[in-house]
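The structure appears below as structure tokens.
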Amino acid sequence: MPEGPTMVLLKEALAPFKGKKVLEVAGNAKIEKERALNQPIKEFRTFGKHFLICFPSFTIRIHFLLFGSFSIDEQVRLNKAVRLKLVFDVGTVYFYTCAVKILDESLDDIYDWSTDVMNKAWSPRKAKQKLLQHPKELICDELLDQDIFAGVGNIIKNEVLFKMRVHPESKVGAIPSTKLAKIVSTASSYSFDFLAWRREFVLIKNLKAHGKKICPRCQVPLIKKHTGKKKRRSFFCKNCQVKYSTIS
DNA sequence: TGCCATGTTAAACT
DNA sequence: GAGTTTAACATGGC
């Protein structure tokens with residue numbers, strides 16, 4: 001469910017509810033749900049893996065964690081608890097197994113939109129600057145750093161590194177500058193590819209490394225290893241992904 | 001059936 | 001106190 005592109009799709013799916021008033025609230029989310037009653041949705045926004053339901057004076061933030069899901073109009077998980085249910089005159093939205101929080105702060109004060117790889121304000125220049133401040137960190141950990149690449153998840157990490165032919169255990173400071181810049185720009189562009197594929201239900205078909213056993217370039221077996229401080233699964237080809245490890 | 005995983009936070013360790 | 005590890009959350013596919 002998560003990763004940034006899915007949040008963008010959710011925003012599109014909920015577009016019919018923009019401007020509509022909440023007529024009924026329910027669910028087991030531990031927030032003051034009734035604050036949303038009779039409030040109109042000002043807009044929906046996304047920041048990385050956060051989904052933001054904006055009301056005139058506050059925001060409900062949804063994070064889907066690992067298993068979160070949603071449905072519109074039909075409660076698809078009849079046997080499962082509804083975390084949050086919002087009823088409008090034009091339909092109903094259900095959220096399941098997600099983290100829900102109310103934000104009272106102005107979003108511009110909390111979020112630096114330029115760190116979100118799918119936001120118009122995305123700044124590859126800032127991302128590269130932040131990377132260069134952590135020269136000893138491994139690129140597999142840094143791509144998952146939501147303060148640098150908000151919205152990038154483990155699948156996108158693996159696919160970007162495969163596409164760039166960079167080994168996940170490469171040290172940031174050892175990667176040539178032009179290559180690093182290319183990784184940064186690909187983190188964003190690949191997220192849009194991911195979005196387009198997901199929209200057409202062909203995402204899995206287009207994955208080249210994540211969850212795969214054979215390198216589509218070299219036909220040699222891919223390595224599957226939990227890498228870096230974050231110990232998340234990495235799938236990579238020892239043959240065609242270069243391991244940059246010497247910081248000059 | 002048991003294990004594992006597109007994720008994050010916080011508690012419990014050292 | 002910093003840094004690291006573990007638990008918790010809770011679903012579905014293999």
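All residue names refer to the structure tokens as shown: chains lettered A, B, ... in order, residues numbered from 1 in each chain, ligands numbered from 1 in order.
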
inquiry  = For the strand (DSSP E or B) assignment from backbone DSSP, which residues of stretch 75-216 of chain A qualify? Please present them as a count of residues only.
reply    = 22

List as a PDB file with N, CA, C and O atoms, in the first residue's frame the protein and nucleic acid residues near C:DA10, meaning an atom at most 12 Å away when only C-alpha atoms (C1' of nucleotides) are counted, but skip any in the same chain fewer than 3 places from it.
ATOM      1  N   PHE A  64      -0.074   4.941   6.247  1.00  0.00           N
ATOM      2  CA  PHE A  64      -0.551   3.567   6.038  1.00  0.00           C
ATOM      3  C   PHE A  64       0.372   2.492   6.579  1.00  0.00           C
ATOM      4  O   PHE A  64       0.032   1.308   6.522  1.00  0.00           O
ATOM      5  N   LEU A  65       1.510   2.888   7.108  1.00  0.00           N
ATOM      6  CA  LEU A  65       2.459   1.905   7.645  1.00  0.00           C
ATOM      7  C   LEU A  65       2.642   0.784   6.623  1.00  0.00           C
ATOM      8  O   LEU A  65       2.737   1.052   5.437  1.00  0.00           O
ATOM      9  N   LEU A  66       2.644  -0.484   7.109  1.00  0.00           N
ATOM     10  CA  LEU A  66       2.891  -1.580   6.171  1.00  0.00           C
ATOM     11  C   LEU A  66       1.617  -2.147   5.557  1.00  0.00           C
ATOM     12  O   LEU A  66       1.605  -2.572   4.424  1.00  0.00           O
ATOM     13  N   PHE A  67       0.551  -2.163   6.323  1.00  0.00           N
ATOM     14  CA  PHE A  67      -0.633  -2.912   5.882  1.00  0.00           C
ATOM     15  C   PHE A  67      -1.853  -2.034   5.646  1.00  0.00           C
ATOM     16  O   PHE A  67      -2.954  -2.549   5.474  1.00  0.00           O
ATOM     17  N   GLY A  68      -1.695  -0.752   5.692  1.00  0.00           N
ATOM     18  CA  GLY A  68      -2.848   0.129   5.591  1.00  0.00           C
ATOM     19  C   GLY A  68      -3.576  -0.004   4.263  1.00  0.00           C
ATOM     20  O   GLY A  68      -2.987  -0.379   3.248  1.00  0.00           O
ATOM     21  N   SER A  69      -4.871   0.306   4.281  1.00  0.00           N
ATOM     22  CA  SER A  69      -5.646   0.287   3.038  1.00  0.00           C
ATOM     23  C   SER A  69      -6.850   1.208   3.186  1.00  0.00           C
ATOM     24  O   SER A  69      -7.124   1.714   4.276  1.00  0.00           O
ATOM     25  N   LYS A  80     -13.072  -6.590   9.466  1.00  0.00           N
ATOM     26  CA  LYS A  80     -11.971  -5.854  10.085  1.00  0.00           C
ATOM     27  C   LYS A  80     -12.433  -4.521  10.647  1.00  0.00           C
ATOM     28  O   LYS A  80     -13.389  -3.920  10.161  1.00  0.00           O
ATOM     29  N   ALA A  81     -11.702  -4.079  11.648  1.00  0.00           N
ATOM     30  CA  ALA A  81     -12.040  -2.806  12.275  1.00  0.00           C
ATOM     31  C   ALA A  81     -11.808  -1.657  11.308  1.00  0.00           C
ATOM     32  O   ALA A  81     -10.821  -1.638  10.576  1.00  0.00           O
ATOM     33  N   TYR A  96      -8.323   1.706   6.839  1.00  0.00           N
ATOM     34  CA  TYR A  96      -8.062   0.561   7.725  1.00  0.00           C
ATOM     35  C   TYR A  96      -6.576   0.491   8.097  1.00  0.00           C
ATOM     36  O   TYR A  96      -5.708   0.845   7.291  1.00  0.00           O
ATOM     37  N   THR A  97      -6.336  -0.013   9.280  1.00  0.00           N
ATOM     38  CA  THR A  97      -4.979  -0.300   9.769  1.00  0.00           C
ATOM     39  C   THR A  97      -3.946   0.750   9.365  1.00  0.00           C
ATOM     40  O   THR A  97      -2.935   0.453   8.759  1.00  0.00           O
ATOM     41  N   CYS A  98      -4.208   1.964   9.752  1.00  0.00           N
ATOM     42  CA  CYS A  98      -3.263   3.032   9.469  1.00  0.00           C
ATOM     43  C   CYS A  98      -3.078   3.866  10.738  1.00  0.00           C
ATOM     44  O   CYS A  98      -3.841   3.721  11.693  1.00  0.00           O
ATOM     45  N   ALA A  99      -2.068   4.700  10.743  1.00  0.00           N
ATOM     46  CA  ALA A  99      -1.842   5.611  11.871  1.00  0.00           C
ATOM     47  C   ALA A  99      -2.521   6.930  11.544  1.00  0.00           C
ATOM     48  O   ALA A  99      -2.277   7.519  10.489  1.00  0.00           O
TER      49      ALA A  99
END

inquiry  = Contacts from chain C to chain A, 12 Å maximum, only C-alpha atoms (C1' of nucleotides): show me the residue list as a VMD selection string.
reply    = chain C and resid 3 to 5 9 to 12

Would you mind exporting C-alpha atoms (C1' of nucleotides) of the selected residues as a short mmCIF file (atom, residue, chain, number, x, y, z; two decimals), in the first residue's frame?
data_model
loop_
_atom_site.label_atom_id
_atom_site.label_comp_id
_atom_site.auth_asym_id
_atom_site.auth_seq_id
_atom_site.Cartn_x
_atom_site.Cartn_y
_atom_site.Cartn_z
"C1'" DG C 3 23.43 4.62 19.85
"C1'" DT C 4 21.40 0.14 18.86
"C1'" DT C 5 17.98 -3.49 19.15
"C1'" DC C 9 1.06 -2.44 15.17
"C1'" DA C 10 -1.91 -6.11 12.15
"C1'" DT C 11 -2.74 -8.01 7.03
"C1'" DG C 12 -2.16 -11.09 3.25
#

Sorted per-residue table, chain B near chain A, closest atoms and distance, 7 Å, only C-alpha atoms (C1' of nucleotides), as JSON lines:
{"residue": "B:DT6", "atom": "C1'", "partner": "A:Pro2", "partner_atom": "CA", "distance": 5.6}
{"residue": "B:DG7", "atom": "C1'", "partner": "A:Leu65", "partner_atom": "CA", "distance": 4.5}
{"residue": "B:DT8", "atom": "C1'", "partner": "A:Leu65", "partner_atom": "CA", "distance": 6.6}

message = Applying 12 Å and only C-alpha atoms (C1' of nucleotides), which residues near A:Glu12 remain after dropping the ones on its own chain fewer than 2 positions away? List them as a VMD selection string.
response = chain A and resid 5 to 10 14 to 18 43 to 46 51 195 199

ask   = Can you list every residue in stretch 160-236 of chain A that DSSP puts in helix (DSSP H, G or I), as number ranges by chain?
value = A: 160-164, 172-174, 177-199, 203-206

How would the residues just picked look written out with C-alpha atoms as an mmCIF file, in the first residue's frame?
data_model
loop_
_atom_site.group_PDB
_atom_site.id
_atom_site.type_symbol
_atom_site.label_atom_id
_atom_site.label_comp_id
_atom_site.auth_asym_id
_atom_site.auth_seq_id
_atom_site.Cartn_x
_atom_site.Cartn_y
_atom_site.Cartn_z
ATOM 1 C CA VAL A 160 16.554 2.951 -8.645
ATOM 2 C CA LEU A 161 19.836 1.321 -7.605
ATOM 3 C CA PHE A 162 19.431 -1.433 -10.180
ATOM 4 C CA LYS A 163 18.650 1.065 -12.914
ATOM 5 C CA MET A 164 21.660 3.182 -11.907
ATOM 6 C CA VAL A 172 27.578 7.961 -0.475
ATOM 7 C CA GLY A 173 30.909 9.791 -0.369
ATOM 8 C CA ALA A 174 32.497 7.271 -2.726
ATOM 9 C CA SER A 177 29.255 13.292 -8.170
ATOM 10 C CA THR A 178 27.554 12.941 -11.533
ATOM 11 C CA LYS A 179 26.379 9.452 -10.635
ATOM 12 C CA LEU A 180 25.029 10.694 -7.309
ATOM 13 C CA ALA A 181 23.132 13.463 -9.072
ATOM 14 C CA LYS A 182 21.647 10.868 -11.421
ATOM 15 C CA ILE A 183 20.538 8.700 -8.495
ATOM 16 C CA VAL A 184 18.826 11.728 -6.967
ATOM 17 C CA SER A 185 16.962 12.633 -10.138
ATOM 18 C CA THR A 186 16.019 9.009 -10.766
ATOM 19 C CA ALA A 187 14.534 8.691 -7.264
ATOM 20 C CA SER A 188 11.978 11.236 -8.396
ATOM 21 C CA SER A 189 11.510 10.182 -12.031
ATOM 22 C CA TYR A 190 11.218 6.508 -11.123
ATOM 23 C CA SER A 191 8.515 7.388 -8.596
ATOM 24 C CA PHE A 192 6.485 8.814 -11.465
ATOM 25 C CA ASP A 193 7.108 5.663 -13.533
ATOM 26 C CA PHE A 194 5.952 3.669 -10.529
ATOM 27 C CA LEU A 195 2.813 5.817 -10.363
ATOM 28 C CA ALA A 196 2.049 5.336 -14.053
ATOM 29 C CA TRP A 197 2.550 1.568 -13.842
ATOM 30 C CA ARG A 198 0.479 1.290 -10.709
ATOM 31 C CA ARG A 199 -2.278 3.253 -12.392
ATOM 32 C CA LEU A 203 3.733 -2.333 -11.666
ATOM 33 C CA ILE A 204 4.805 -5.839 -10.691
ATOM 34 C CA LYS A 205 5.460 -6.697 -14.323
ATOM 35 C CA ASN A 206 7.817 -3.755 -14.609
#

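Residues within 6 Å of stretch 116-125 of chain A, counting only C-alpha atoms (C1' of nucleotides) and excluding same-chain residues fewer than 6 positions away, are Gly48, Phe149, Ala150 and Ser188 of chain A.
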
At a cut-off of 9 Å, using only C-alpha atoms (C1' of nucleotides), what residues contact C:DA7? Leave out same-chain residues fewer than 4 positions from it and give the result as a CSV table (one decimal) with N, CA and C atoms (P, O5', C5', C4', C3', O3' and C1' of nucleotides), in the first residue's frame.
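Output saved as part02.csv:
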chain,number,residue,atom,x,y,z
B,10,DA,P,6.8,8.3,18.9
B,10,DA,O5',7.0,7.2,20.0
B,10,DA,C5',6.1,6.2,20.2
B,10,DA,C4',6.6,5.1,21.1
B,10,DA,C3',7.5,5.6,22.2
B,10,DA,O3',7.3,4.8,23.4
B,10,DA,C1',8.8,4.1,20.9
B,11,DA,P,7.7,5.3,24.8
B,11,DA,O5',8.0,4.0,25.5
B,11,DA,C5',7.3,2.8,25.2
B,11,DA,C4',8.2,1.6,25.2
B,11,DA,C3',9.1,1.5,26.5
B,11,DA,O3',9.0,0.2,27.0
B,11,DA,C1',10.4,1.3,24.5
B,12,DA,P,9.6,-0.2,28.4
B,12,DA,O5',10.9,-1.0,27.9
B,12,DA,C5',10.8,-2.1,27.1
B,12,DA,C4',12.2,-2.5,26.7
B,12,DA,C3',13.2,-2.7,27.8
B,12,DA,O3',13.9,-3.9,27.7
B,12,DA,C1',14.1,-1.3,26.1
